[in-house]
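Engineer: Sharing a structure here in C-alpha cells format.
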Amino acid sequence: MLPYYLPVKSYFGSGIVTQMKTQIAQYGTKALLVTGKHSALASGAQVDVLAALEAMGVEAVVFNQIEENPSVETVKAAASFGLAEGADFVIGIGGGSPLDASKAIAMVMRQPELLKSNLFGLKPMKALPVIAIPTTSGTGSEVTPYAILTDHVDQTKKNLGQSIYPKMALLDPAYTYSLSDEVTLHTAIDAFTHLAEGFLNTNATRFSDAFAKEGLRAFAKQLPKLQAKTYDGEFRREMMEISMLAGMVIAQTGTSLPHGMGYALTYHHGVPHGLANGLLMSAYLESFKSMDRVNDLLVTMGFQSLSDLTAVLRQLCKIKIQYEKEQLAHYAREMSQNQGKLKNHPEAVGEEELFNLYLKSL
Ligand code: NAP
Ligand code: ZN
C-alpha cells in the first residue's frame, strides 16, 4: 500500500478564491457550481467564485439543490443539468454534502451513460475536474477521494466507492463565519472523529499519524472555545486547518466503527453526521481491549484519563433519539456485515458488541 498519496493542490487563506482566479480558470471553459440551497450565498463564497470566473472570461451555471446527505437522484439531476448546459468542470461550494455531490456529479458528467445505471459497485471511473470550496470545518471532503451518498434503495448512506480527489481545494475560513452554532459544533466534532478513527485505525502509518497527532493537539487547544461557543476568527481559522488535517488522515486510513454505525442514525433518525459520530465516540473509545493507542491519543490531547475526554464529548454531543431495541439490533446486524469499515478497526467485533455500542451511546 502507498504510504502517502494526496493529489489535491490546496490553498488556504483570506481572499484565496480571488487570488487564485487564474488557476481556477485553467480547469475549463464553463463551470457547473454545485451548492446547497443557502450556504454558498450565505458564506459569500458563491459571489467570490462567480466574480473570479467572470474576470477570467469563464462561463458558469449554478445547481443549488443539493440537500444534506445528498441522494443519488439529486446527483443525477445535477449531472443532467450540467450536461445540458455544456459545463466542462465542477466547482463544489458548501459543506460535505455539496462537496461529495460534486465529485459524483463530475463522474456522471464524464460518463453520461451512468445517468441510467446504479452508481455503486462500479469499476474505477474517471471524472471531470473538481474544485472544492468548503464552507464548513468538518468533513475534510476537499482533500479526500470519498463521496458519501444516500441510497434510498438500500435505505442507508454509502461511499460511492470511487477515488475522486478534487484537483484543487480553496479554503477561506471567512466562509465559515455564517455557520450556526449548532452546525459549527457538529462539524467540529466530525473533524475530531476523523482524527480519532484515523489514528486508531488498521491503516494508520507514521505519515498519517503525523497529521493525526498535529490535528489532535490543535483540536484539544480549541476545545475550551468549542465548549464556550467562542467562535472567533482564530477558532474559525484553526478549525478549518484541523478539518483539512483530519481529511488528510482519513484520505489515507479511511474511517471505522463510529462512521459506519453513524450512517444508520442519520438515515433513520435524522441525526446530523458529525453529531452521530460524536454520540458513538465515547463508547467506541471505551470498547478497545488494548488501550495503547487510545492512551497515546489521550496523551497527545493532554488528557489525564479517558473519562476526562468522554465527559467532554458526552457534554457536547447530546440528542434524544426515539428508538426500539429491535431497530438497534437491525443496525448492528447491518454493521456486522460492513467489511469495509470493520477491517479498518484493529480489533474483532461481533454483532452483539456492536449492539451494545449502540445501546451504551443512546
Ligand atoms: P452539510 O450537510 O454540507 O451542511 C449542513 C448544513 O449547514 C446545511 O443546512 C448547510 O446549508 C449549512 N451550511 C453549510 N455551510 C454553511 C455556512 N457557511 N453558513 C451557513 N450555513 C451553512 O454538512 P457537513 O457536515 O459539512 O457535511 C456532511 C456530509 O459530508 C454528510 O453527507 C457526510 O456523510 C459527508 N462526509 C464526507 C466526508 C468525505 O471524506 N467525503 C467525510 C465526512 C463526512 P445548505 O443546505 O444551504 O448547504
Ligand atoms: Zn465524518
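Just remember, in the C-alpha cells the first chain shown is A, the second B, etc., residues are 1-based per chain, and ligands are 1-based in the order shown.
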Can I get the residues close to ligand 1 as a PyMOL selection string, where close means within 7 Å and we count only C-alpha atoms and all ligand atoms?
Structural biologist: chain A and resi 35-40+42-43+66-70+94-98+100+135-141+144-149+175-180+183+186-187+190+247+273-274
Engineer: Using only C-alpha atoms, which residue out of A:Ala251, A:Ala191, A:Ala127, A:Val34 lies closest to Leu2 of chain A?
Structural biologist: A:Ala251
Engineer: In Å, how far is it from atom CA of Val17 of chain A to atom CA of Leu128 of chain A?
Structural biologist: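 Taking atom CA of Val17 of chain A as the start and atom CA of Leu128 of chain A as the end point, the length is 19.9 Å.
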Engineer: A:Met335, A:Val312, A:Ala246, A:Ile93: which is nearest ligand 2, counting only C-alpha atoms and all ligand atoms?
Structural biologist: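 Checking each candidate against ligand 2, we get A:Ala246 as the closest.
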Engineer: Any idea what the distance is between atom CA of Arg236 of chain A and atom CA of Ala174 of chain A?
Structural biologist: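 So the answer is 7.6 Å.
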Engineer: Of the candidates A:Ala220, A:Ala78, A:Ile105, A:Ala264, which one gets nearest to Asp151 of chain A if we count only C-alpha atoms?
Structural biologist: A:Ala264
Engineer: Atom CA of Tyr284 of chain A and atom CA of Leu298 of chain A, how far apart in Å?
Structural biologist: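 So the two atoms, atom CA of Leu298 of chain A and atom CA of Tyr284 of chain A, lie 14.2 Å apart.
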Engineer: Here is a test: counting only C-alpha atoms and all ligand atoms, which residue of A:Ala84, A:Ala188, A:Leu297, A:Leu122 is nearest to ligand 2?
Structural biologist: A:Ala188
Engineer: Rank nothing, just name the residue among A:Ser71, A:Asn338, A:Asn203, A:Ser102 nearest to Gln155 of chain A, using only C-alpha atoms.
Structural biologist: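 Going through A:Ser71, A:Asn338, A:Asn203, A:Ser102 one by one, the smallest distance to Gln155 of chain A is for A:Ser71.
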Engineer: Tell me, as an MDAnalysis selection string, which residues lie within 6 Å of segment 341-357 of chain A, counting only C-alpha atoms; anything in the same chain fewer than 2 positions away does not count.
Structural biologist: chainID A and resid 201:202 256 283 329 332:333 336 338:339 359:360
